file target_22.pdb (PDB, C-alpha atoms, pLDDT in the B column)
MODEL        1
ATOM      1  CA  MET Z   1      66.148 -29.373 121.162  1.00 85.00           C
ATOM      2  CA  PHE Z   2      68.600 -31.338 123.257  1.00 86.00           C
ATOM      3  CA  TRP Z   3      72.256 -30.984 122.291  1.00 86.00           C
ATOM      4  CA  LEU Z   4      74.103 -33.041 124.906  1.00 86.00           C
ATOM      5  CA  ASN Z   5      71.635 -34.483 127.408  1.00 85.00           C
ATOM      6  CA  ILE Z   6      70.787 -37.888 125.938  1.00 86.00           C
ATOM      7  CA  LYS Z   7      68.954 -39.025 129.096  1.00 91.00           C
ATOM      8  CA  GLU Z   8      66.477 -36.139 128.876  1.00 91.00           C
ATOM      9  CA  LEU Z   9      65.975 -36.802 125.169  1.00 87.00           C
ATOM     10  CA  GLU Z  10      65.358 -40.502 125.835  1.00 90.00           C
ATOM     11  CA  LYS Z  11      62.920 -39.577 128.615  1.00 92.00           C
ATOM     12  CA  SER Z  12      61.091 -37.205 126.278  1.00 91.00           C
ATOM     13  CA  ILE Z  13      60.797 -39.945 123.645  1.00 86.00           C
ATOM     14  CA  ILE Z  14      59.663 -42.594 126.148  1.00 89.00           C
ATOM     15  CA  GLU Z  15      57.033 -40.245 127.597  1.00 92.00           C
ATOM     16  CA  GLY Z  16      55.753 -39.403 124.107  1.00 89.00           C
ATOM     17  CA  LYS Z  17      56.694 -35.739 124.472  1.00 92.00           C
ATOM     18  CA  LEU Z  18      58.892 -35.567 121.380  1.00 89.00           C
ATOM     19  CA  THR Z  19      56.614 -34.106 118.703  1.00 89.00           C
ATOM     20  CA  ASP Z  20      57.016 -34.595 114.973  1.00 87.00           C
ATOM     21  CA  GLU Z  21      57.994 -30.928 114.717  1.00 89.00           C
ATOM     22  CA  ALA Z  22      60.779 -31.425 117.280  1.00 91.00           C
ATOM     23  CA  GLY Z  23      61.851 -34.643 115.525  1.00 91.00           C
ATOM     24  CA  PHE Z  24      61.991 -32.722 112.252  1.00 93.00           C
ATOM     25  CA  LYS Z  25      64.409 -30.227 113.796  1.00 93.00           C
ATOM     26  CA  TYR Z  26      66.782 -33.106 114.592  1.00 93.00           C
ATOM     27  CA  PHE Z  27      66.313 -34.456 111.072  1.00 93.00           C
ATOM     28  CA  LEU Z  28      67.035 -31.057 109.485  1.00 94.00           C
ATOM     29  CA  ALA Z  29      70.085 -30.564 111.706  1.00 94.00           C
ATOM     30  CA  ASN Z  30      71.385 -33.964 110.583  1.00 93.00           C
ATOM     31  CA  MET Z  31      70.791 -33.115 106.923  1.00 91.00           C
ATOM     32  CA  ILE Z  32      72.689 -29.827 107.293  1.00 92.00           C
ATOM     33  CA  VAL Z  33      75.617 -31.516 109.067  1.00 91.00           C
ATOM     34  CA  LEU Z  34      75.740 -34.267 106.409  1.00 88.00           C
ATOM     35  CA  THR Z  35      75.758 -31.667 103.637  1.00 85.00           C
ATOM     36  CA  ILE Z  36      78.583 -29.754 105.307  1.00 84.00           C
ATOM     37  CA  ALA Z  37      80.534 -32.964 105.969  1.00 82.00           C
ATOM     38  CA  THR Z  38      80.215 -34.012 102.328  1.00 78.00           C
ATOM     39  CA  TYR Z  39      81.761 -30.790 101.102  1.00 74.00           C
ATOM     40  CA  THR Z  40      84.412 -30.323 103.780  1.00 72.00           C
ATOM     41  CA  SER Z  41      85.944 -33.656 102.860  1.00 64.00           C
ATOM     42  CA  ASN Z  42      86.087 -32.790  99.147  1.00 58.00           C
ATOM     43  CA  THR Z  43      86.968 -29.117  98.938  1.00 53.00           C
ATOM     44  CA  GLU Z  44      89.586 -26.981 100.635  1.00 60.00           C
ATOM     45  CA  ASN Z  45      87.463 -23.829 100.588  1.00 64.00           C
ATOM     46  CA  PHE Z  46      84.009 -25.354 100.960  1.00 55.00           C
ATOM     47  CA  ILE Z  47      82.539 -22.142 102.423  1.00 54.00           C
ATOM     48  CA  ILE Z  48      83.054 -20.330  99.107  1.00 60.00           C
ATOM     49  CA  SER Z  49      82.049 -23.339  97.030  1.00 75.00           C
ATOM     50  CA  LEU Z  50      78.986 -22.639  94.879  1.00 79.00           C
ATOM     51  CA  PRO Z  51      77.955 -26.310  94.776  1.00 80.00           C
ATOM     52  CA  PHE Z  52      78.101 -26.390  98.589  1.00 82.00           C
ATOM     53  CA  TRP Z  53      75.779 -23.405  98.968  1.00 85.00           C
ATOM     54  CA  ALA Z  54      73.420 -24.672  96.265  1.00 89.00           C
ATOM     55  CA  ASN Z  55      73.217 -28.065  97.955  1.00 89.00           C
ATOM     56  CA  LEU Z  56      72.749 -26.587 101.443  1.00 91.00           C
ATOM     57  CA  ILE Z  57      69.978 -24.207 100.351  1.00 94.00           C
ATOM     58  CA  ILE Z  58      68.181 -26.911  98.373  1.00 95.00           C
ATOM     59  CA  THR Z  59      68.483 -29.366 101.285  1.00 94.00           C
ATOM     60  CA  ILE Z  60      66.954 -26.897 103.753  1.00 95.00           C
ATOM     61  CA  TRP Z  61      64.212 -25.766 101.333  1.00 97.00           C
ATOM     62  CA  GLY Z  62      63.409 -29.302 100.206  1.00 96.00           C
ATOM     63  CA  SER Z  63      63.358 -30.796 103.694  1.00 95.00           C
ATOM     64  CA  GLN Z  64      61.001 -28.081 104.892  1.00 96.00           C
ATOM     65  CA  SER Z  65      58.791 -28.596 101.817  1.00 96.00           C
ATOM     66  CA  ILE Z  66      58.367 -32.315 102.376  1.00 96.00           C
ATOM     67  CA  PHE Z  67      57.700 -31.866 106.083  1.00 95.00           C
ATOM     68  CA  LYS Z  68      55.101 -29.189 105.310  1.00 96.00           C
ATOM     69  CA  ALA Z  69      53.488 -31.460 102.697  1.00 95.00           C
ATOM     70  CA  ASN Z  70      53.242 -34.263 105.246  1.00 94.00           C
ATOM     71  CA  SER Z  71      51.916 -31.882 107.910  1.00 93.00           C
ATOM     72  CA  SER Z  72      49.191 -30.584 105.611  1.00 93.00           C
ATOM     73  CA  GLY Z  73      47.776 -34.091 105.281  1.00 91.00           C
ATOM     74  CA  ASP Z  74      47.362 -36.813 107.869  1.00 91.00           C
ATOM     75  CA  LYS Z  75      50.592 -35.824 109.698  1.00 89.00           C
ATOM     76  CA  LYS Z  76      51.644 -39.453 110.129  1.00 89.00           C
ATOM     77  CA  ASP Z  77      54.838 -41.445 109.658  1.00 89.00           C
ATOM     78  CA  PHE Z  78      57.069 -38.665 108.282  1.00 92.00           C
ATOM     79  CA  PHE Z  79      60.330 -40.553 108.729  1.00 90.00           C
ATOM     80  CA  LYS Z  80      59.034 -43.898 107.458  1.00 90.00           C
ATOM     81  CA  ARG Z  81      57.660 -42.125 104.404  1.00 92.00           C
ATOM     82  CA  TYR Z  82      60.795 -40.041 103.939  1.00 93.00           C
ATOM     83  CA  PHE Z  83      63.219 -42.954 103.904  1.00 92.00           C
ATOM     84  CA  ALA Z  84      61.023 -45.162 101.708  1.00 93.00           C
ATOM     85  CA  LEU Z  85      60.108 -42.496  99.143  1.00 94.00           C
ATOM     86  CA  SER Z  86      63.578 -40.967  99.215  1.00 93.00           C
ATOM     87  CA  TRP Z  87      65.181 -44.325  98.412  1.00 93.00           C
ATOM     88  CA  VAL Z  88      63.099 -44.842  95.273  1.00 93.00           C
ATOM     89  CA  TYR Z  89      63.503 -41.278  93.990  1.00 94.00           C
ATOM     90  CA  SER Z  90      67.246 -41.288  94.730  1.00 93.00           C
ATOM     91  CA  PHE Z  91      67.657 -44.563  92.858  1.00 94.00           C
ATOM     92  CA  ARG Z  92      65.543 -43.432  89.880  1.00 94.00           C
ATOM     93  CA  LEU Z  93      67.252 -40.062  89.568  1.00 95.00           C
ATOM     94  CA  GLY Z  94      70.654 -41.651  90.125  1.00 92.00           C
ATOM     95  CA  LEU Z  95      70.101 -43.924  87.121  1.00 95.00           C
ATOM     96  CA  ILE Z  96      68.912 -41.007  84.993  1.00 94.00           C
ATOM     97  CA  PHE Z  97      71.833 -38.788  85.975  1.00 91.00           C
ATOM     98  CA  LEU Z  98      74.350 -41.621  85.431  1.00 93.00           C
ATOM     99  CA  GLY Z  99      72.939 -41.968  81.930  1.00 94.00           C
ATOM    100  CA  ILE Z 100      73.291 -38.234  81.319  1.00 91.00           C
ATOM    101  CA  LEU Z 101      76.837 -38.305  82.694  1.00 85.00           C
ATOM    102  CA  ALA Z 102      77.754 -41.228  80.407  1.00 89.00           C
ATOM    103  CA  ILE Z 103      76.461 -39.291  77.400  1.00 91.00           C
ATOM    104  CA  LEU Z 104      78.433 -36.195  78.447  1.00 82.00           C
ATOM    105  CA  VAL Z 105      81.622 -38.262  78.848  1.00 78.00           C
ATOM    106  CA  ILE Z 106      81.146 -39.738  75.357  1.00 83.00           C
ATOM    107  CA  ILE Z 107      80.626 -36.252  73.911  1.00 81.00           C
ATOM    108  CA  VAL Z 108      83.702 -34.902  75.714  1.00 73.00           C
ATOM    109  CA  LEU Z 109      85.833 -37.875  74.608  1.00 73.00           C
ATOM    110  CA  SER Z 110      84.746 -37.439  71.016  1.00 76.00           C
ATOM    111  CA  ALA Z 111      85.549 -33.723  71.161  1.00 73.00           C
ATOM    112  CA  SER Z 112      88.884 -33.938  72.937  1.00 68.00           C
ATOM    113  CA  GLU Z 113      90.428 -36.669  75.045  1.00 62.00           C
ATOM    114  CA  SER Z 114      92.628 -34.054  76.724  1.00 62.00           C
ATOM    115  CA  MET Z 115      89.529 -32.572  78.386  1.00 61.00           C
ATOM    116  CA  LEU Z 116      89.369 -35.637  80.635  1.00 59.00           C
ATOM    117  CA  THR Z 117      93.110 -36.128  81.109  1.00 63.00           C
ATOM    118  CA  ASP Z 118      93.623 -32.438  81.943  1.00 64.00           C
ATOM    119  CA  PHE Z 119      90.634 -32.412  84.298  1.00 62.00           C
ATOM    120  CA  ASP Z 120      90.823 -29.676  86.966  1.00 67.00           C
ATOM    121  CA  ALA Z 121      88.063 -29.520  89.597  1.00 65.00           C
ATOM    122  CA  SER Z 122      88.769 -25.830  90.199  1.00 67.00           C
ATOM    123  CA  ASN Z 123      88.030 -25.005  86.557  1.00 70.00           C
ATOM    124  CA  PRO Z 124      85.093 -22.551  86.435  1.00 73.00           C
ATOM    125  CA  ALA Z 125      83.430 -24.623  83.692  1.00 71.00           C
ATOM    126  CA  TYR Z 126      83.485 -27.718  85.899  1.00 73.00           C
ATOM    127  CA  ILE Z 127      82.218 -25.744  88.910  1.00 74.00           C
ATOM    128  CA  GLY Z 128      79.417 -24.277  86.788  1.00 78.00           C
ATOM    129  CA  LEU Z 129      78.430 -27.720  85.544  1.00 79.00           C
ATOM    130  CA  ASP Z 130      78.517 -29.033  89.123  1.00 80.00           C
ATOM    131  CA  VAL Z 131      76.252 -26.206  90.294  1.00 84.00           C
ATOM    132  CA  ILE Z 132      73.820 -26.789  87.416  1.00 89.00           C
ATOM    133  CA  PHE Z 133      73.651 -30.546  88.099  1.00 87.00           C
ATOM    134  CA  THR Z 134      73.299 -29.944  91.845  1.00 87.00           C
ATOM    135  CA  ILE Z 135      70.422 -27.522  91.342  1.00 92.00           C
ATOM    136  CA  ILE Z 136      68.608 -29.617  88.725  1.00 94.00           C
ATOM    137  CA  TYR Z 137      68.984 -32.832  90.720  1.00 93.00           C
ATOM    138  CA  GLY Z 138      68.071 -31.242  94.072  1.00 94.00           C
ATOM    139  CA  VAL Z 139      65.056 -29.300  92.847  1.00 96.00           C
ATOM    140  CA  LEU Z 140      63.764 -32.265  90.835  1.00 96.00           C
ATOM    141  CA  TYR Z 141      64.336 -34.682  93.740  1.00 96.00           C
ATOM    142  CA  TYR Z 142      62.577 -32.523  96.344  1.00 97.00           C
ATOM    143  CA  ASN Z 143      59.723 -31.588  93.981  1.00 97.00           C
ATOM    144  CA  LEU Z 144      59.043 -35.262  93.237  1.00 96.00           C
ATOM    145  CA  LEU Z 145      59.338 -36.123  96.921  1.00 96.00           C
ATOM    146  CA  THR Z 146      57.003 -33.284  97.929  1.00 96.00           C
ATOM    147  CA  LYS Z 147      54.382 -34.424  95.405  1.00 95.00           C
ATOM    148  CA  SER Z 148      54.589 -37.971  96.758  1.00 94.00           C
ATOM    149  CA  PHE Z 149      54.280 -36.708 100.334  1.00 93.00           C
ATOM    150  CA  LYS Z 150      51.174 -34.737  99.389  1.00 94.00           C
ATOM    151  CA  ARG Z 151      49.586 -37.812  97.801  1.00 92.00           C
ATOM    152  CA  VAL Z 152      50.556 -40.178 100.610  1.00 92.00           C
ATOM    153  CA  SER Z 153      49.561 -37.851 103.445  1.00 91.00           C
ATOM    154  CA  ALA Z 154      46.223 -37.176 101.728  1.00 89.00           C
ATOM    155  CA  LEU Z 155      45.858 -40.948 101.244  1.00 82.00           C
ATOM    156  CA  GLU Z 156      45.383 -40.468  97.482  1.00 73.00           C
ATOM    157  CA  LEU Z 157      46.903 -42.619  94.779  1.00 69.00           C
ATOM    158  CA  PRO Z 158      47.875 -40.978  91.495  1.00 64.00           C
ATOM    159  CA  GLU Z 159      45.398 -41.605  88.657  1.00 67.00           C
ATOM    160  CA  ASN Z 160      47.979 -43.496  86.594  1.00 58.00           C
ATOM    161  CA  ILE Z 161      49.881 -45.284  89.347  1.00 56.00           C
ATOM    162  CA  ASP Z 162      52.181 -47.125  86.933  1.00 54.00           C
ATOM    163  CA  ASN Z 163      53.821 -43.905  85.736  1.00 53.00           C
ATOM    164  CA  ALA Z 164      53.870 -41.926  88.976  1.00 51.00           C
TER     165      ALA Z 164
ENDMDL
END
call {"tool": "encode", "arguments": {"input": "target_22.pdb", "output": "structure tokens"}}
result
Amino acid sequence: MFWLNIKELEKSIIEGKLTDEAGFKYFLANMIVLTIATYTSNTENFIISLPFWANLIITIWGSQSIFKANSSGDKKDFFKRYFALSWVYSFRLGLIFLGILAILVIIVLSASESMLTDFDASNPAYIGLDVIFTIIYGVLYYNLLTKSFKRVSALELPENIDNA
């Protein structure tokens, strides 16, 4: 893996020497850096943040799972597949989780309006809820993505394509 020498990396790409496995290492490194960057901008003590660690572990596990799923099939077009499939699953799950969040806000408002006005992100209840949502979303997202990668890399459509 090249860290600073862009010319050698470009040469490796031009000569067709950059393998999918090596490309995946760059991808995974980017995913880890993006995860860290997301939490360092939002939390003073991100290293001890449970949501940070949950997200980082799920990102590493999930990224390796989808790459392995692609590698066990036709081993083609990992990044094209990743960005296309990831977009649809992110959008679908985002809509579902926004709906769940809206319901939770309505429940909280009906129980006590002060729960929203006295909101404290360091509250253990909020952190616990954040960890639970992070884990559910991440595991669901990567499981769905892995299943799609297995189907696509095996060149198999699901039996009921309309509900896949």
call {"tool": "resolve_selection", "arguments": {"input": "target_22.pdb", "expression": "the PyMOL selection byres ((chain Z and resi 82) around 10)", "output": "VMD selection string"}}
result
chain Z and resid 63 66 to 67 70 77 to 81 83 to 87 145 to 146 148 to 149
call {"tool": "write_last_selection", "arguments": {"input": "target_22.pdb", "atoms": "C-alpha atoms", "output": "short mmCIF file (atom, residue, chain, number, x, y, z; two decimals), in the frame of the given file"}}
result
data_model
loop_
_atom_site.label_atom_id
_atom_site.label_comp_id
_atom_site.auth_asym_id
_atom_site.auth_seq_id
_atom_site.Cartn_x
_atom_site.Cartn_y
_atom_site.Cartn_z
CA SER Z 63 63.36 -30.80 103.69
CA ILE Z 66 58.37 -32.32 102.38
CA PHE Z 67 57.70 -31.87 106.08
CA ASN Z 70 53.24 -34.26 105.25
CA ASP Z 77 54.84 -41.44 109.66
CA PHE Z 78 57.07 -38.66 108.28
CA PHE Z 79 60.33 -40.55 108.73
CA LYS Z 80 59.03 -43.90 107.46
CA ARG Z 81 57.66 -42.12 104.40
CA PHE Z 83 63.22 -42.95 103.90
CA ALA Z 84 61.02 -45.16 101.71
CA LEU Z 85 60.11 -42.50 99.14
CA SER Z 86 63.58 -40.97 99.22
CA TRP Z 87 65.18 -44.32 98.41
CA LEU Z 145 59.34 -36.12 96.92
CA THR Z 146 57.00 -33.28 97.93
CA SER Z 148 54.59 -37.97 96.76
CA PHE Z 149 54.28 -36.71 100.33
#
call {"tool": "closest_atom_pairs", "arguments": {"input": "target_22.pdb", "of": "region 91-146 of chain Z", "to": "region 52-55 of chain Z", "cutoff": "7 Å", "atoms": "only C-alpha atoms", "output": "CSV"}}
result
residue,atom,partner,partner_atom,distance
Z:Val131,CA,Z:Ala54,CA,6.8
Z:Thr134,CA,Z:Asn55,CA,6.4
Z:Ile135,CA,Z:Ala54,CA,6.4
call {"tool": "closest_residue", "arguments": {"input": "target_22.pdb", "among": "Z:Gly73, Z:Arg92, Z:Val105, Z:Tyr137", "to": "Lys150 (chain Z)", "atoms": "only C-alpha atoms"}}
result
Z:Gly73
call {"tool": "atom_distance", "arguments": {"input": "target_22.pdb", "atom1": "CA of Ala111 (chain Z)", "atom2": "CA of Ile132 (chain Z)"}}
result
21.2 Å
call {"tool": "closest_residue", "arguments": {"input": "target_22.pdb", "among": "Z:Ile57, Z:Ile36, Z:Met31, Z:Val108", "to": "Val139 (chain Z)", "atoms": "only C-alpha atoms"}}
result
Z:Ile57
call {"tool": "closest_residue", "arguments": {"input": "target_22.pdb", "among": "Z:Tyr89, Z:Lys76, Z:Lys17, Z:Thr40", "to": "Tyr141 (chain Z)", "atoms": "all atoms listed in the file"}}
result
Z:Tyr89
call {"tool": "residues_near_point", "arguments": {"input": "target_22.pdb", "point": "(75.0, -36.8, 87.9)", "cutoff": "12 Å", "atoms": "all atoms listed in the file", "output": "list in words"}}
result
Ser90, Phe91, Arg92, Leu93, Gly94, Leu95, Ile96, Phe97, Leu98, Gly99, Ile100, Leu101, Ala102, Ile103, Leu104, Val105, Leu129, Asp130, Val131, Ile132, Phe133, Thr134, Ile135, Ile136, Tyr137 and Gly138 of chain Z
